[in-house]
Amino acid sequence: MNIKIDRKMAFCIPFVFLGFAAGLPLLLVYSTLTAWLFELGISKTTIGFFAWVSIAYSFKFLWAPLVDHMPIWKLTRRFGHRRSWLLVSQVGVLIGLLLMASIDPGKNLVLFALCALLVAVSSATQDITLDAYRIEYAPDEKQGILIAAYQFGYRTAMLIAGAGALILAEQYSWSTTYVAASTLMFVGMVTVLLVKETKPYKNSALDQNAPPPLRRRSSVEWLAELYRVLILPMTDIIQRYRWEAIIILSFVGLFRISDLAMAIMVNPFLLETGFTKLQIAEISKLYGFIMVLVGAAIGGGIVSRFGVVSPLLVGSILVSFSNLAFLLVAKQAGPEVFWLIVAVSIENLASGFAGTVFIAFLSSLTSRSFTATQYALLSSFMLMPGKFISGFSGIVVDGFGYDSFFVYSTLLGIPSIFLAAGLIFMKSRAASESGRDTLT
């Protein structure tokens with residue numbers, strides 16, 4: 001029997017595995033890590049501060065210019081620019097996870113945090129490169145299917161790093177869990193070895209054939225290089241959208257602030273309520289993953305029908321007010337599975353919908369002249385406020401309790417709703433003007 005593989009499916013398959021490599025490390029230095037720390041009796045205030053380990057994702061734009069332009073000696077010659085950076089970053093994640101597995105956080109919390117930071121920095125570097133690789137891999141009209149494939153792999157990895165990690169930790173130990181997770185990074189590494197290298201887009205603002213920045217240069221040359229690879233990508237957004245860039249960047253920064261502020265405390269909340277790791281894995285992670293996929297599918301269909309701007313308002317409302325669903329769980333006398341299913345359904349449907357819409361929005365803002373740097377800048381604005389605020393989540397819980405915390409995290413998302421409405425107004429106004437970029 002002959003099996004025919006659709007060319008569109010074959011085209012996007014590598015991004016399922018690359019998305020898997022990108023999604024695996026995040027929870028292991030974020031929400032899954034909080035369950036490990038909570039079981040060791042570490043205070044919720046300290047657990048909250050661990051959210052700042054993942055703030056490396058928010059500052060990745062600082063070294064994105066290096067990823068865009070700096071060759072990695074013989075690796076770049078052998079594998080190409082994007083693939084060499086992918087391999088180096090993936091090895092960094094693997095080593096960092098192995099080091100975390102070998103350290104007892106109860107005895108050496110600082111060293112453990114530094115190893116987690118190595119994972120976060122390496123993972124953020126991988127994200128920079130993958131975003132650039134994806135955008136360079138195909139023209140705009142094919143980005144939708146690549147994003148869908150990437151998101152599927154990403155969410156699958158998060159399922160393993162969430163539900164799989166909790167189940168494995170229940171059966172064996174947290175150290176064994178992190179060793180097992182580190183070996184899964186070979187999925188991404190093998191994929192990088194098999195895929196083709198992309199061709200850089202040449203442009204007048206950013207000459208891809210410029211001499212390598214590793215050669216000895218004068219101070220003036222270094223300042224010129226800094227302007228070329230860092231300042232130009234930032235000012236490009238302002239030049240294209242002018243004063244409206246303030247609204248765009250403000251919205252990007254505040255869109256997920258309520259979601260991120262709550263996420264760091266969900267596992268400690270569920271464990272303290274009395275749910276077992278197995279229940280959390282099955283309901284919050286496994287069932288939640290299915291709801292995320294449903295929400296993402298709905299989001300993709302809505303974007304195809306209405307564009308990327310109008311659905312942002314719905315996404316903003318859902319992301320903010322879905323946090324209140326966990327009040328239903330908090331109000332119960334004990335670990336009620338039914339109400340956890342209800343809360344997880346609401347929260348993950350909202351997350352999947354909003355995530356798909358928002359990725360499409362960020363991709364639409366990115367210029368191919370500054371692929372990696374500009375997308376990293378925008379995604380950093382998305383994470384920075386939420387990651388910073390989430391570091392104080394443990395203080396809020398210790399001081400006021402979980403009920404007040406869920407209300408607090410919801411209120412944080414209100415400004416993004418008004419900014420989304422402003423983007424819709426900007427879209428209708430910009431569409432009537434010519435000679436400038438418009439929101440799609």
# chains A, B, ... in the order shown; residues from 1 in each chain; ligands from 1
call {"tool": "residues_around", "arguments": {"residues": "Pro385 of chain A", "least_positions_apart": "3", "cutoff": "10 Å", "atoms": "only C-alpha atoms", "output": "JSON, numbers by chain"}}
result
{"A": [55, 58, 252, 253, 254, 255, 256, 257, 258, 260, 261, 380, 381, 382, 388, 389, 390]}
call {"tool": "write_last_selection", "arguments": {"atoms": "N, CA and C atoms", "output": "PDB file, in the first residue's frame"}}
result
ATOM      1  N   ILE A  55      13.147  35.203  33.811  1.00  0.00           N
ATOM      2  CA  ILE A  55      13.107  36.546  33.228  1.00  0.00           C
ATOM      3  C   ILE A  55      14.146  36.694  32.119  1.00  0.00           C
ATOM      4  N   SER A  58      12.769  37.425  28.951  1.00  0.00           N
ATOM      5  CA  SER A  58      12.334  38.797  28.731  1.00  0.00           C
ATOM      6  C   SER A  58      13.452  39.703  28.247  1.00  0.00           C
ATOM      7  N   VAL A 252       1.618  44.820  23.938  1.00  0.00           N
ATOM      8  CA  VAL A 252       2.453  43.619  23.927  1.00  0.00           C
ATOM      9  C   VAL A 252       2.955  43.304  25.340  1.00  0.00           C
ATOM     10  N   GLY A 253       3.350  44.337  26.072  1.00  0.00           N
ATOM     11  CA  GLY A 253       3.884  44.144  27.412  1.00  0.00           C
ATOM     12  C   GLY A 253       2.849  43.738  28.447  1.00  0.00           C
ATOM     13  N   LEU A 254       1.601  44.154  28.244  1.00  0.00           N
ATOM     14  CA  LEU A 254       0.583  43.919  29.264  1.00  0.00           C
ATOM     15  C   LEU A 254      -0.379  42.784  28.921  1.00  0.00           C
ATOM     16  N   PHE A 255      -0.291  42.255  27.717  1.00  0.00           N
ATOM     17  CA  PHE A 255      -1.272  41.274  27.255  1.00  0.00           C
ATOM     18  C   PHE A 255      -1.335  40.049  28.165  1.00  0.00           C
ATOM     19  N   ARG A 256      -0.190  39.521  28.588  1.00  0.00           N
ATOM     20  CA  ARG A 256      -0.171  38.281  29.377  1.00  0.00           C
ATOM     21  C   ARG A 256       0.218  38.504  30.842  1.00  0.00           C
ATOM     22  N   ILE A 257       0.143  39.715  31.314  1.00  0.00           N
ATOM     23  CA  ILE A 257       0.632  40.002  32.661  1.00  0.00           C
ATOM     24  C   ILE A 257      -0.188  39.263  33.725  1.00  0.00           C
ATOM     25  N   SER A 258      -1.509  39.182  33.548  1.00  0.00           N
ATOM     26  CA  SER A 258      -2.335  38.491  34.547  1.00  0.00           C
ATOM     27  C   SER A 258      -2.091  36.990  34.514  1.00  0.00           C
ATOM     28  N   LEU A 260       0.713  35.389  33.525  1.00  0.00           N
ATOM     29  CA  LEU A 260       2.042  35.082  34.047  1.00  0.00           C
ATOM     30  C   LEU A 260       2.125  35.286  35.560  1.00  0.00           C
ATOM     31  N   ALA A 261       1.421  36.294  36.056  1.00  0.00           N
ATOM     32  CA  ALA A 261       1.445  36.561  37.497  1.00  0.00           C
ATOM     33  C   ALA A 261       0.843  35.408  38.284  1.00  0.00           C
ATOM     34  N   SER A 380      10.029  39.819  24.094  1.00  0.00           N
ATOM     35  CA  SER A 380      10.577  40.219  25.395  1.00  0.00           C
ATOM     36  C   SER A 380       9.660  41.220  26.081  1.00  0.00           C
ATOM     37  N   PHE A 381       9.121  42.151  25.316  1.00  0.00           N
ATOM     38  CA  PHE A 381       8.148  43.089  25.877  1.00  0.00           C
ATOM     39  C   PHE A 381       6.921  42.345  26.398  1.00  0.00           C
ATOM     40  N   MET A 382       6.575  41.240  25.742  1.00  0.00           N
ATOM     41  CA  MET A 382       5.439  40.448  26.184  1.00  0.00           C
ATOM     42  C   MET A 382       5.694  39.830  27.555  1.00  0.00           C
ATOM     43  N   PHE A 388       8.335  39.876  35.846  1.00  0.00           N
ATOM     44  CA  PHE A 388       8.781  40.680  36.988  1.00  0.00           C
ATOM     45  C   PHE A 388       7.717  40.682  38.082  1.00  0.00           C
ATOM     46  N   ILE A 389       6.471  40.923  37.698  1.00  0.00           N
ATOM     47  CA  ILE A 389       5.382  40.954  38.675  1.00  0.00           C
ATOM     48  C   ILE A 389       5.195  39.600  39.339  1.00  0.00           C
ATOM     49  N   SER A 390       5.382  38.519  38.577  1.00  0.00           N
ATOM     50  CA  SER A 390       5.154  37.187  39.138  1.00  0.00           C
ATOM     51  C   SER A 390       6.125  36.858  40.268  1.00  0.00           C
TER      52      SER A 390
END
call {"tool": "closest_atom_pairs", "arguments": {"of": "segment 106-175 of chain A", "to": "segment 267-278 of chain A", "cutoff": "7 Å", "atoms": "only C-alpha atoms", "output": "tab-separated table"}}
result
residue	atom	partner	partner_atom	distance
A:Leu166	CA	A:Lys277	CA	5.6
A:Ile167	CA	A:Leu278	CA	5.7
A:Glu170	CA	A:Lys277	CA	6.5
call {"tool": "closest_atom_pairs", "arguments": {"of": "segment 99-181 of chain A", "to": "segment 284-304 of chain A", "cutoff": "8 Å", "atoms": "only C-alpha atoms", "output": "JSON lines"}}
result
{"residue": "A:Phe152", "atom": "CA", "partner": "A:Leu293", "partner_atom": "CA", "distance": 7.8}
{"residue": "A:Arg155", "atom": "CA", "partner": "A:Phe289", "partner_atom": "CA", "distance": 7.1}
{"residue": "A:Thr156", "atom": "CA", "partner": "A:Phe289", "partner_atom": "CA", "distance": 7.8}
{"residue": "A:Leu159", "atom": "CA", "partner": "A:Lys285", "partner_atom": "CA", "distance": 6.1}
{"residue": "A:Gly162", "atom": "CA", "partner": "A:Lys285", "partner_atom": "CA", "distance": 5.9}
{"residue": "A:Ala163", "atom": "CA", "partner": "A:Lys285", "partner_atom": "CA", "distance": 4.9}
call {"tool": "closest_residue", "arguments": {"among": "A:Gly153, A:Ala180, A:Ser393, A:Tyr57", "to": "Val16 of chain A", "atoms": "only C-alpha atoms"}}
result
A:Gly153
call {"tool": "residues_around", "arguments": {"residues": "Val308 of chain A", "least_positions_apart": "3", "cutoff": "8 Å", "atoms": "only C-alpha atoms", "output": "PDB file with C-alpha atoms, in the first residue's frame"}}
result
ATOM      1  CA  VAL A 303      -7.581  34.786  12.840  1.00  0.00           C
ATOM      2  CA  PRO A 311      -9.528  38.848  18.036  1.00  0.00           C
ATOM      3  CA  LEU A 312      -6.986  40.429  20.404  1.00  0.00           C
ATOM      4  CA  VAL A 357      -3.863  35.084  18.150  1.00  0.00           C
ATOM      5  CA  PHE A 358      -0.939  36.811  19.835  1.00  0.00           C
ATOM      6  CA  ALA A 360       0.144  35.780  14.694  1.00  0.00           C
ATOM      7  CA  PHE A 361       0.033  39.418  15.815  1.00  0.00           C
ATOM      8  CA  THR A 440      -3.508  43.563   9.595  1.00  0.00           C
TER       9      THR A 440
END
call {"tool": "residues_around", "arguments": {"residues": "Thr76 of chain A", "least_positions_apart": "6", "cutoff": "12 Å", "atoms": "only C-alpha atoms", "output": "number ranges by chain"}}
result
A: 67, 69-70, 82-88, 197, 212
call {"tool": "closest_residue", "arguments": {"among": "A:Thr198, A:Ser182, A:Ser175, A:Gln151", "to": "Gly92 of chain A", "atoms": "only C-alpha atoms"}}
result
A:Ser182
call {"tool": "closest_residue", "arguments": {"among": "A:Thr125, A:Lys60, A:Thr32, A:Tyr178", "to": "Ile95 of chain A", "atoms": "only C-alpha atoms"}}
result
A:Tyr178
call {"tool": "residues_around", "arguments": {"residues": "Ala165 of chain A", "least_positions_apart": "3", "cutoff": "8 Å", "atoms": "only C-alpha atoms", "output": "number ranges by chain"}}
result
A: 32, 160-162, 168-169, 174, 177-178, 181
call {"tool": "residues_around", "arguments": {"residues": "Ser316 of chain A", "least_positions_apart": "4", "cutoff": "12 Å", "atoms": "only C-alpha atoms", "output": "PyMOL selection string"}}
result
chain A and resi 251-252+254-259+309-312+320-323+350-351+353-355+357-358+410-421+423
call {"tool": "residues_around", "arguments": {"residues": "Leu117 of chain A", "least_positions_apart": "2", "cutoff": "12 Å", "atoms": "only C-alpha atoms", "output": "PyMOL selection string"}}
result
chain A and resi 25-26+28-30+50-57+92-93+95-97+99-100+110-115+119-124
call {"tool": "select_by_dssp", "arguments": {"residues": "segment 165-361 of chain A", "states": "alpha helix (DSSP H)", "output": "PyMOL selection string"}}
result
chain A and resi 165-171+174-183+186-194+219-226+232-241+244-254+257-273+277-279+288-306+311-321+325-330+337-361
call {"tool": "closest_residue", "arguments": {"among": "A:Leu184, A:Ile42, A:Ala281, A:Leu24", "to": "Met158 of chain A", "atoms": "only C-alpha atoms"}}
result
A:Leu24
call {"tool": "atom_distance", "arguments": {"atom1": "atom CA of Ile247 of chain A", "atom2": "atom CA of Glu347 of chain A"}}
result
26.2 Å
call {"tool": "atom_distance", "arguments": {"atom1": "atom CA of Phe425 of chain A", "atom2": "atom CA of Ser379 of chain A"}}
result
22.9 Å
call {"tool": "atom_distance", "arguments": {"atom1": "atom CA of Leu98 of chain A", "atom2": "atom CA of Val179 of chain A"}}
result
5.6 Å
call {"tool": "closest_residue", "arguments": {"among": "A:Ser345, A:Thr129, A:Thr45, A:Ser173", "to": "Ser89 of chain A", "atoms": "only C-alpha atoms"}}
result
A:Thr129
